[in-house]
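Below is work_11.cif, holding mmCIF, C-alpha atoms.
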data_upload
#
loop_
_atom_site.group_PDB
_atom_site.id
_atom_site.type_symbol
_atom_site.label_atom_id
_atom_site.label_comp_id
_atom_site.auth_asym_id
_atom_site.auth_seq_id
_atom_site.Cartn_x
_atom_site.Cartn_y
_atom_site.Cartn_z
ATOM 1 C CA MET A 1 -75.102 7.822 -25.658
ATOM 2 C CA LYS A 2 -74.055 4.565 -24.023
ATOM 3 C CA LYS A 3 -71.396 3.991 -26.682
ATOM 4 C CA LEU A 4 -69.995 7.465 -26.188
ATOM 5 C CA SER A 5 -69.825 7.080 -22.413
ATOM 6 C CA ALA A 6 -68.161 3.680 -22.750
ATOM 7 C CA ARG A 7 -65.448 5.115 -24.988
ATOM 8 C CA ARG A 8 -64.792 8.046 -22.700
ATOM 9 C CA ARG A 9 -61.269 7.697 -21.148
ATOM 10 C CA HIS A 10 -60.711 7.691 -17.416
ATOM 11 C CA PRO A 11 -59.228 10.961 -16.090
ATOM 12 C CA LEU A 12 -56.162 9.107 -14.771
ATOM 13 C CA ALA A 13 -55.490 7.339 -18.041
ATOM 14 C CA ALA A 14 -53.108 10.046 -19.252
ATOM 15 C CA VAL A 15 -51.141 9.854 -16.001
ATOM 16 C CA VAL A 16 -50.802 6.078 -16.332
ATOM 17 C CA VAL A 17 -49.592 6.403 -19.927
ATOM 18 C CA LEU A 18 -47.050 9.022 -18.869
ATOM 19 C CA LEU A 19 -45.750 6.800 -16.087
ATOM 20 C CA PHE A 20 -45.376 3.878 -18.490
ATOM 21 C CA ALA A 21 -43.499 6.119 -20.927
ATOM 22 C CA LEU A 22 -41.115 7.296 -18.205
ATOM 23 C CA ALA A 23 -40.563 3.742 -17.034
ATOM 24 C CA ALA A 24 -39.811 2.622 -20.570
ATOM 25 C CA THR A 25 -37.386 5.494 -21.068
ATOM 26 C CA GLY A 26 -35.634 4.706 -17.783
ATOM 27 C CA GLY A 27 -35.414 1.059 -18.740
ATOM 28 C CA LEU A 28 -33.853 1.914 -22.068
ATOM 29 C CA TYR A 29 -31.383 4.255 -20.356
ATOM 30 C CA ALA A 30 -30.490 1.622 -17.791
ATOM 31 C CA ALA A 31 -30.007 -0.893 -20.572
ATOM 32 C CA PHE A 32 -27.844 1.233 -22.848
ATOM 33 C CA ALA A 33 -26.123 3.831 -20.601
ATOM 34 C CA PRO A 34 -23.844 1.382 -18.718
ATOM 35 C CA ALA A 35 -22.770 -0.158 -22.006
ATOM 36 C CA ASP A 36 -21.989 3.277 -23.424
ATOM 37 C CA ARG A 37 -20.098 4.229 -20.273
ATOM 38 C CA ALA A 38 -18.110 0.994 -20.307
ATOM 39 C CA GLN A 39 -17.273 1.526 -23.968
ATOM 40 C CA ALA A 40 -16.133 5.089 -23.258
ATOM 41 C CA ASP A 41 -13.932 3.895 -20.364
ATOM 42 C CA GLU A 42 -12.462 1.190 -22.558
ATOM 43 C CA THR A 43 -11.704 3.702 -25.285
ATOM 44 C CA ALA A 44 -10.042 6.080 -22.798
ATOM 45 C CA GLN A 45 -7.955 3.220 -21.400
ATOM 46 C CA SER A 46 -6.883 2.192 -24.907
ATOM 47 C CA LEU A 47 -5.821 5.756 -25.656
ATOM 48 C CA ALA A 48 -3.868 5.948 -22.388
ATOM 49 C CA ILE A 49 -2.075 2.692 -23.235
ATOM 50 C CA GLU A 50 -1.281 3.946 -26.727
ATOM 51 C CA GLU A 51 0.138 7.242 -25.458
ATOM 52 C CA GLY A 52 2.003 5.427 -22.705
ATOM 53 C CA GLN A 53 3.643 3.146 -25.233
ATOM 54 C CA LYS A 54 4.910 6.187 -27.134
ATOM 55 C CA LEU A 55 6.401 7.656 -23.957
ATOM 56 C CA TYR A 56 7.898 4.281 -23.062
ATOM 57 C CA THR A 57 9.548 3.913 -26.471
ATOM 58 C CA VAL A 58 11.273 7.278 -26.094
ATOM 59 C CA GLY A 59 12.263 7.203 -22.425
ATOM 60 C CA CYS A 60 12.408 3.585 -21.248
ATOM 61 C CA ALA A 61 12.856 1.071 -24.077
ATOM 62 C CA SER A 62 16.631 1.553 -24.352
ATOM 63 C CA CYS A 63 17.090 -0.090 -20.940
ATOM 64 C CA HIS A 64 13.974 -2.202 -20.424
ATOM 65 C CA GLY A 65 13.502 -3.491 -23.970
ATOM 66 C CA THR A 66 11.007 -2.586 -26.665
ATOM 67 C CA GLY A 67 8.299 -4.738 -25.069
ATOM 68 C CA GLY A 68 9.275 -4.366 -21.422
ATOM 69 C CA GLN A 69 11.007 -7.748 -21.440
ATOM 70 C CA GLY A 70 14.160 -6.325 -19.886
ATOM 71 C CA THR A 71 17.788 -6.181 -21.031
ATOM 72 C CA THR A 72 21.233 -6.338 -19.451
ATOM 73 C CA ASP A 73 20.792 -2.657 -18.560
ATOM 74 C CA GLY A 74 17.336 -2.906 -16.949
ATOM 75 C CA PRO A 75 14.994 -5.511 -15.440
ATOM 76 C CA SER A 76 11.791 -6.810 -17.000
ATOM 77 C CA LEU A 77 8.697 -4.706 -16.385
ATOM 78 C CA VAL A 78 6.193 -7.439 -17.185
ATOM 79 C CA GLY A 79 4.007 -7.892 -14.120
ATOM 80 C CA VAL A 80 5.376 -5.000 -12.026
ATOM 81 C CA GLY A 81 2.016 -3.235 -12.223
ATOM 82 C CA SER A 82 0.987 0.395 -12.416
ATOM 83 C CA ALA A 83 1.894 1.061 -8.757
ATOM 84 C CA ALA A 84 5.583 0.402 -9.411
ATOM 85 C CA VAL A 85 5.581 2.794 -12.363
ATOM 86 C CA ASP A 86 3.791 5.499 -10.404
ATOM 87 C CA PHE A 87 6.354 5.187 -7.599
ATOM 88 C CA GLN A 88 9.528 4.968 -9.666
ATOM 89 C CA VAL A 89 8.619 7.670 -12.180
ATOM 90 C CA GLY A 90 6.656 9.780 -9.691
ATOM 91 C CA THR A 91 9.696 10.077 -7.405
ATOM 92 C CA GLY A 92 12.086 10.826 -10.267
ATOM 93 C CA ARG A 93 14.042 7.603 -9.872
ATOM 94 C CA MET A 94 13.089 6.658 -13.403
ATOM 95 C CA PRO A 95 14.238 7.253 -16.029
ATOM 96 C CA ALA A 96 17.643 6.685 -14.446
ATOM 97 C CA GLN A 97 20.445 9.109 -15.284
ATOM 98 C CA GLN A 98 23.111 6.432 -15.123
ATOM 99 C CA PRO A 99 23.439 2.829 -13.926
ATOM 100 C CA GLY A 100 24.591 2.186 -10.384
ATOM 101 C CA VAL A 101 24.088 0.081 -7.300
ATOM 102 C CA GLN A 102 21.009 2.148 -6.457
ATOM 103 C CA VAL A 103 18.982 4.741 -8.323
ATOM 104 C CA PRO A 104 18.521 7.902 -6.217
ATOM 105 C CA LYS A 105 15.453 10.102 -5.974
ATOM 106 C CA LYS A 106 15.637 13.182 -8.211
ATOM 107 C CA LYS A 107 13.487 15.798 -9.923
ATOM 108 C CA VAL A 108 10.409 14.392 -11.670
ATOM 109 C CA ILE A 109 10.478 14.993 -15.434
ATOM 110 C CA TYR A 110 7.033 13.659 -16.366
ATOM 111 C CA SER A 111 3.641 15.175 -15.577
ATOM 112 C CA GLN A 112 1.142 13.118 -13.584
ATOM 113 C CA SER A 113 -0.978 12.504 -16.693
ATOM 114 C CA GLU A 114 2.093 11.161 -18.522
ATOM 115 C CA ILE A 115 2.945 8.985 -15.532
ATOM 116 C CA ASP A 116 -0.594 7.599 -15.610
ATOM 117 C CA GLN A 117 -0.214 6.807 -19.297
ATOM 118 C CA LEU A 118 3.101 5.041 -18.731
ATOM 119 C CA ALA A 119 1.545 3.110 -15.862
ATOM 120 C CA ALA A 120 -1.397 2.076 -18.059
ATOM 121 C CA TYR A 121 0.953 0.721 -20.718
ATOM 122 C CA ILE A 122 3.123 -1.224 -18.270
ATOM 123 C CA ALA A 123 0.008 -2.606 -16.561
ATOM 124 C CA SER A 124 -1.182 -3.895 -19.936
ATOM 125 C CA LEU A 125 1.951 -6.076 -20.206
ATOM 126 C CA GLY A 126 0.975 -8.191 -17.189
ATOM 127 C CA ALA A 127 -1.025 -8.103 -13.977
ATOM 128 C CA GLY A 128 0.642 -6.454 -10.983
ATOM 129 C CA PRO A 129 0.020 -4.121 -8.020
ATOM 130 C CA ILE A 130 -2.468 -1.392 -8.940
ATOM 131 C CA THR A 131 -1.939 2.293 -8.159
ATOM 132 C CA PRO A 132 -3.778 2.904 -4.850
ATOM 133 C CA THR A 133 -6.658 5.307 -4.427
ATOM 134 C CA GLU A 134 -6.569 8.221 -1.991
ATOM 135 C CA LYS A 135 -8.882 6.322 0.339
ATOM 136 C CA GLN A 136 -6.366 3.482 0.563
ATOM 137 C CA TYR A 137 -3.323 5.555 1.507
ATOM 138 C CA SER A 138 -4.965 8.379 3.453
ATOM 139 C CA PRO A 139 -3.606 8.391 7.054
ATOM 140 C CA GLU A 140 -6.765 10.022 8.399
ATOM 141 C CA GLY A 141 -8.065 8.041 11.367
ATOM 142 C CA ALA A 142 -5.072 5.667 11.399
ATOM 143 C CA ASP A 143 -3.549 4.378 14.659
ATOM 144 C CA ILE A 144 -0.127 5.946 15.355
ATOM 145 C CA ALA A 145 0.763 3.507 18.147
ATOM 146 C CA LYS A 146 0.055 0.446 16.010
ATOM 147 C CA GLY A 147 1.910 2.066 13.152
ATOM 148 C CA GLY A 148 4.952 2.555 15.373
ATOM 149 C CA ASP A 149 4.921 -1.108 16.408
ATOM 150 C CA LEU A 150 4.617 -2.228 12.794
ATOM 151 C CA PHE A 151 7.340 0.153 11.633
ATOM 152 C CA ARG A 152 9.806 -0.920 14.317
ATOM 153 C CA THR A 153 9.118 -4.565 13.517
ATOM 154 C CA ASN A 154 9.288 -4.423 9.725
ATOM 155 C CA CYS A 155 11.103 -1.247 8.678
ATOM 156 C CA ALA A 156 13.395 0.156 11.379
ATOM 157 C CA GLN A 157 16.213 -2.320 10.652
ATOM 158 C CA CYS A 158 16.943 -0.398 7.457
ATOM 159 C CA HIS A 159 15.148 2.942 7.710
ATOM 160 C CA ASN A 160 16.005 3.741 11.349
ATOM 161 C CA PHE A 161 13.402 4.054 14.121
ATOM 162 C CA THR A 162 12.166 7.410 12.861
ATOM 163 C CA GLY A 163 12.652 6.859 9.124
ATOM 164 C CA GLU A 164 15.954 8.733 8.851
ATOM 165 C CA GLY A 165 17.389 6.037 6.593
ATOM 166 C CA GLY A 166 20.647 4.147 6.881
ATOM 167 C CA ALA A 167 23.497 2.441 5.071
ATOM 168 C CA LEU A 168 23.227 -1.067 3.630
ATOM 169 C CA THR A 169 25.801 -3.375 2.043
ATOM 170 C CA ASP A 170 27.742 -2.836 -1.190
ATOM 171 C CA GLY A 171 27.071 0.897 -1.381
ATOM 172 C CA LYS A 172 23.304 0.570 -1.109
ATOM 173 C CA TYR A 173 21.205 2.495 1.380
ATOM 174 C CA ALA A 174 17.710 2.830 2.788
ATOM 175 C CA PRO A 175 16.488 6.353 1.930
ATOM 176 C CA HIS A 176 15.066 8.735 4.497
ATOM 177 C CA LEU A 177 11.258 8.906 4.627
ATOM 178 C CA ASP A 178 10.833 12.496 5.720
ATOM 179 C CA GLY A 179 8.690 14.363 3.209
ATOM 180 C CA VAL A 180 7.680 11.300 1.185
ATOM 181 C CA SER A 181 4.014 11.489 0.167
ATOM 182 C CA PRO A 182 1.525 8.967 1.630
ATOM 183 C CA LYS A 183 0.829 7.663 -1.867
ATOM 184 C CA HIS A 184 4.475 6.846 -2.540
ATOM 185 C CA LEU A 185 4.916 5.322 0.907
ATOM 186 C CA TYR A 186 1.979 3.019 0.226
ATOM 187 C CA GLU A 187 3.306 2.106 -3.228
ATOM 188 C CA ALA A 188 6.758 1.347 -1.818
ATOM 189 C CA MET A 189 5.207 -1.118 0.629
ATOM 190 C CA GLN A 190 3.147 -2.586 -2.197
ATOM 191 C CA THR A 191 5.942 -3.070 -4.699
ATOM 192 C CA GLY A 192 9.204 -3.300 -2.729
ATOM 193 C CA PRO A 193 11.431 -1.020 -4.842
ATOM 194 C CA GLN A 194 15.137 -1.809 -5.263
ATOM 195 C CA ASN A 195 16.424 -3.394 -2.016
ATOM 196 C CA MET A 196 13.151 -3.214 -0.099
ATOM 197 C CA PRO A 197 10.944 -6.306 0.377
ATOM 198 C CA SER A 198 7.339 -6.012 -0.763
ATOM 199 C CA PHE A 199 4.395 -6.095 1.634
ATOM 200 C CA PRO A 200 1.267 -7.005 -0.379
ATOM 201 C CA ASP A 201 -2.166 -6.830 1.214
ATOM 202 C CA THR A 202 -1.996 -10.560 1.935
ATOM 203 C CA THR A 203 1.042 -9.908 4.144
ATOM 204 C CA MET A 204 0.294 -6.415 5.412
ATOM 205 C CA PRO A 205 -3.365 -5.345 5.087
ATOM 206 C CA GLU A 206 -4.347 -1.903 3.900
ATOM 207 C CA GLN A 207 -5.142 -0.638 7.411
ATOM 208 C CA GLN A 208 -1.672 -1.551 8.681
ATOM 209 C CA LYS A 209 -0.055 0.336 5.802
ATOM 210 C CA ARG A 210 -2.119 3.382 6.697
ATOM 211 C CA ASP A 211 -1.048 3.053 10.351
ATOM 212 C CA ILE A 212 2.612 3.020 9.298
ATOM 213 C CA ILE A 213 2.119 6.065 7.073
ATOM 214 C CA LYS A 214 0.531 7.926 9.974
ATOM 215 C CA TYR A 215 3.454 7.033 12.261
ATOM 216 C CA ILE A 216 6.056 8.183 9.720
ATOM 217 C CA GLN A 217 4.264 11.480 9.192
ATOM 218 C CA THR A 218 3.934 12.052 12.933
ATOM 219 C CA VAL A 219 7.519 11.362 14.016
ATOM 220 C CA ASN A 220 8.864 13.509 11.176
ATOM 221 C CA GLY A 221 6.320 16.297 11.557
ATOM 222 C CA ASP A 222 7.270 19.863 12.402
ATOM 223 C CA ASP A 223 5.139 19.770 15.547
ATOM 224 C CA THR A 224 6.892 16.717 16.999
ATOM 225 C CA PRO A 225 9.229 17.793 19.841
ATOM 226 C CA THR A 226 12.760 16.422 20.342
ATOM 227 C CA PRO A 227 13.396 16.588 24.117
ATOM 228 C CA GLY A 228 17.032 15.523 23.693
ATOM 229 C CA GLY A 229 17.940 18.444 21.487
ATOM 230 C CA PHE A 230 19.494 17.505 18.161
ATOM 231 C CA ALA A 231 17.933 14.323 16.774
ATOM 232 C CA LEU A 232 21.234 13.022 15.334
ATOM 233 C CA GLY A 233 19.508 10.481 13.119
ATOM 234 C CA GLY A 234 16.866 9.627 15.673
ATOM 235 C CA LEU A 235 19.090 7.027 17.315
ATOM 236 C CA GLY A 236 18.209 8.239 20.797
ATOM 237 C CA PRO A 237 20.292 9.063 23.890
ATOM 238 C CA VAL A 238 23.209 6.804 22.923
ATOM 239 C CA SER A 239 24.227 8.861 19.900
ATOM 240 C CA GLU A 240 23.516 12.167 21.637
ATOM 241 C CA GLY A 241 25.445 11.070 24.719
ATOM 242 C CA LEU A 242 28.393 10.007 22.571
ATOM 243 C CA PHE A 243 28.269 13.361 20.767
ATOM 244 C CA GLY A 244 28.308 15.212 24.089
ATOM 245 C CA TRP A 245 31.075 13.022 25.484
ATOM 246 C CA ILE A 246 33.397 13.399 22.494
ATOM 247 C CA PHE A 247 32.961 17.132 21.985
ATOM 248 C CA GLY A 248 32.651 17.911 25.689
ATOM 249 C CA LEU A 249 35.750 15.949 26.602
ATOM 250 C CA GLY A 250 37.588 17.348 23.598
ATOM 251 C CA SER A 251 36.768 20.886 24.695
ATOM 252 C CA LEU A 252 38.012 20.197 28.223
ATOM 253 C CA ILE A 253 41.276 18.768 26.879
ATOM 254 C CA ALA A 254 41.761 21.814 24.634
ATOM 255 C CA VAL A 255 41.168 24.169 27.584
ATOM 256 C CA ALA A 256 43.593 22.173 29.762
ATOM 257 C CA VAL A 257 46.319 22.348 27.087
ATOM 258 C CA TRP A 258 45.774 26.080 26.673
ATOM 259 C CA VAL A 259 45.996 26.690 30.432
ATOM 260 C CA ALA A 260 49.119 24.563 30.739
ATOM 261 C CA ALA A 261 50.817 26.340 27.863
ATOM 262 C CA HIS A 262 50.082 29.796 29.256
ATOM 263 C CA THR A 263 51.171 28.738 32.774
ATOM 264 C CA ALA A 264 54.540 27.545 31.427
ATOM 265 C CA LYS A 265 55.048 30.862 29.607
ATOM 266 C CA ALA A 266 54.200 32.805 32.760
ATOM 267 C CA LYS A 267 56.776 30.857 34.820
ATOM 268 C CA LYS A 268 59.527 31.453 32.224
ATOM 269 C CA SER A 269 58.875 35.164 32.184
#
Show how you would write the structure in this file as structure tokens.
Amino acid sequence: MKKLSARRRHPLAAVVVLLFALAATGGLYAAFAPADRAQADETAQSLAIEEGQKLYTVGCASCHGTGGQGTTDGPSLVGVGSAAVDFQVGTGRMPAQQPGVQVPKKKVIYSQSEIDQLAAYIASLGAGPITPTEKQYSPEGADIAKGGDLFRTNCAQCHNFTGEGGALTDGKYAPHLDGVSPKHLYEAMQTGPQNMPSFPDTTMPEQQKRDIIKYIQTVNGDDTPTPGGFALGGLGPVSEGLFGWIFGLGSLIAVAVWVAAHTAKAKKS
């Protein structure tokens, strides 16, 4: 009887065994699941690079070289990063229709998944600015006043005070910013496309970029009033006053000529 009672298991023994089993299973999952996930991500990235290379060979290699090294018809893409690809292709500037002093924005011919694949391939050629996440370029909670100060200091010389754009030298121009998506605005500041200087995070932190994006969206929004009437490029009262002076004075001169001509006819008759 004593031997039987000594061998009898404690009522909680089964619970303890079950807990140990669950712990062991969780440990095995924790040990192997991240490795499996990392391997799956690596495989997906490799596939994206492979597909991107195919797209690049068809649509880009003729100008930028078979390995992105650049040619006389197009610059090197080594080190430009995925952000530059997402901006240039995502705004339709690339592939370019024809060479010129500046490549204009046009209809996008690639889907976003194809753009991502192209960006993955170009990023594999050399480190560069990475495509931003929505959290990075979202203007929610940004400071409009600070954004206006930053924009007037760094951008207004070319893009005008309200982002209406303007002419540059040798046939180049700063494009208007009305209707440009926050993502592409952020990428333009990151990469400095064409004639624009780049503003990396070391020069212009992420928060400042978001402030600028918020300012651009606000001044070009449909709900923003224009007390002076026609914006006329957003140049302010000088341009609107000149417009009024020229056309107002011209109208007065035309009326004066008409009155004088009819008065002379009346005297003759």
Task: Among listed residues A:Gly128, A:Pro205, A:Ala120, A:Gly248, nearest A:Ser46 (using all atoms listed in the file) - done: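 Among the listed residues, the smallest separation from A:Ser46 belongs to A:Ala120.
For the pair atom CA of A:Pro139 and atom CA of A:Asp201, the separation is 16.4 Å.
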TODO: Scan for residues within 8 Å of the point (3.4, 2.3, -18.2) in the coordinates of the file, using only C-alpha atoms, and reply as number ranges by chain.
DONE: A: 49, 52-53, 56, 82, 85, 115-124
Once you have the residues from the selection above, write them out as an mmCIF file, in the coordinates of the input, restricted to C-alpha atoms.
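And here's again-v4.cif as it stands now:
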data_model
loop_
_atom_site.group_PDB
_atom_site.id
_atom_site.type_symbol
_atom_site.label_atom_id
_atom_site.label_comp_id
_atom_site.auth_asym_id
_atom_site.auth_seq_id
_atom_site.Cartn_x
_atom_site.Cartn_y
_atom_site.Cartn_z
ATOM 1 C CA ILE A 49 -2.075 2.692 -23.235
ATOM 2 C CA GLY A 52 2.003 5.427 -22.705
ATOM 3 C CA GLN A 53 3.643 3.146 -25.233
ATOM 4 C CA TYR A 56 7.898 4.281 -23.062
ATOM 5 C CA SER A 82 0.987 0.395 -12.416
ATOM 6 C CA VAL A 85 5.581 2.794 -12.363
ATOM 7 C CA ILE A 115 2.945 8.985 -15.532
ATOM 8 C CA ASP A 116 -0.594 7.599 -15.610
ATOM 9 C CA GLN A 117 -0.214 6.807 -19.297
ATOM 10 C CA LEU A 118 3.101 5.041 -18.731
ATOM 11 C CA ALA A 119 1.545 3.110 -15.862
ATOM 12 C CA ALA A 120 -1.397 2.076 -18.059
ATOM 13 C CA TYR A 121 0.953 0.721 -20.718
ATOM 14 C CA ILE A 122 3.123 -1.224 -18.270
ATOM 15 C CA ALA A 123 0.008 -2.606 -16.561
ATOM 16 C CA SER A 124 -1.182 -3.895 -19.936
#
TODO: Pull the neighbourhood of (5.3, -0.1, -8.0) for me: all residues within 7 Å in file coordinates, counting all atoms listed in the file, as a list of chain:residue names.
DONE: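 Looking at atoms near the point gives A:Val80, A:Gly81, A:Ser82, A:Ala83, A:Ala84, A:Val85, A:Asp86, A:Phe87, A:Gln88, A:Pro129, A:Glu187, A:Ala188, A:Gln190, A:Thr191, A:Pro193.
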For stretch 96-110 of chain A, what centre and edge lengths in Å (one decimal) does the axis-aligned box get once 8 Å is added on each side of all its listed atoms, as AutoDock Vina command-line options?
--center_x 15.8 --center_y 7.9 --center_z -11.2 --size_x 33.6 --size_y 31.7 --size_z 26.4
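Each of A:Gly79, A:Gly148, A:Gly171, A:Gly68 was checked against A:Lys209 using only C-alpha atoms; the smallest atom-to-atom distance is that of A:Gly148.
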TODO: For the structure shown, which residues end up in the PyMOL selection byres ((chain A and resi 106) around 7)? Put them as an MDAnalysis selection string, please?
DONE: chainID A and resid 91:93 104:105 107:108
Would you save the residues of that selection, restricted to C-alpha atoms, as a PDB file, in the frame of the given file?
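For reference, part_23.pdb as written:
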ATOM      1  CA  THR A  91       9.696  10.077  -7.405  1.00  0.00           C
ATOM      2  CA  GLY A  92      12.086  10.826 -10.267  1.00  0.00           C
ATOM      3  CA  ARG A  93      14.042   7.603  -9.872  1.00  0.00           C
ATOM      4  CA  PRO A 104      18.521   7.902  -6.217  1.00  0.00           C
ATOM      5  CA  LYS A 105      15.453  10.102  -5.974  1.00  0.00           C
ATOM      6  CA  LYS A 107      13.487  15.798  -9.923  1.00  0.00           C
ATOM      7  CA  VAL A 108      10.409  14.392 -11.670  1.00  0.00           C
TER       8      VAL A 108
END
TODO: Tell me, as an MDAnalysis selection string, which residues lie within 12 Å of A:Gln102, counting only C-alpha atoms; anything in the same chain fewer than 5 positions away does not count.
DONE: chainID A and resid 93:94 96:97 167:175 193:196
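You will find atom CA of A:Gly126 at 5.3 Å from atom CA of A:Val78.
Rounded to one decimal, atom CA of A:Ser138 and atom CA of A:Lys183 lie 7.9 Å from each other.
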- [ ] Name the residues captured by the PyMOL selection byres ((chain A and resi 182) around 9) when it is applied to the shown file; answer as a PyMOL selection string.
- [x] chain A and resi 134+137-139+180-181+183-187+210+213-214+217
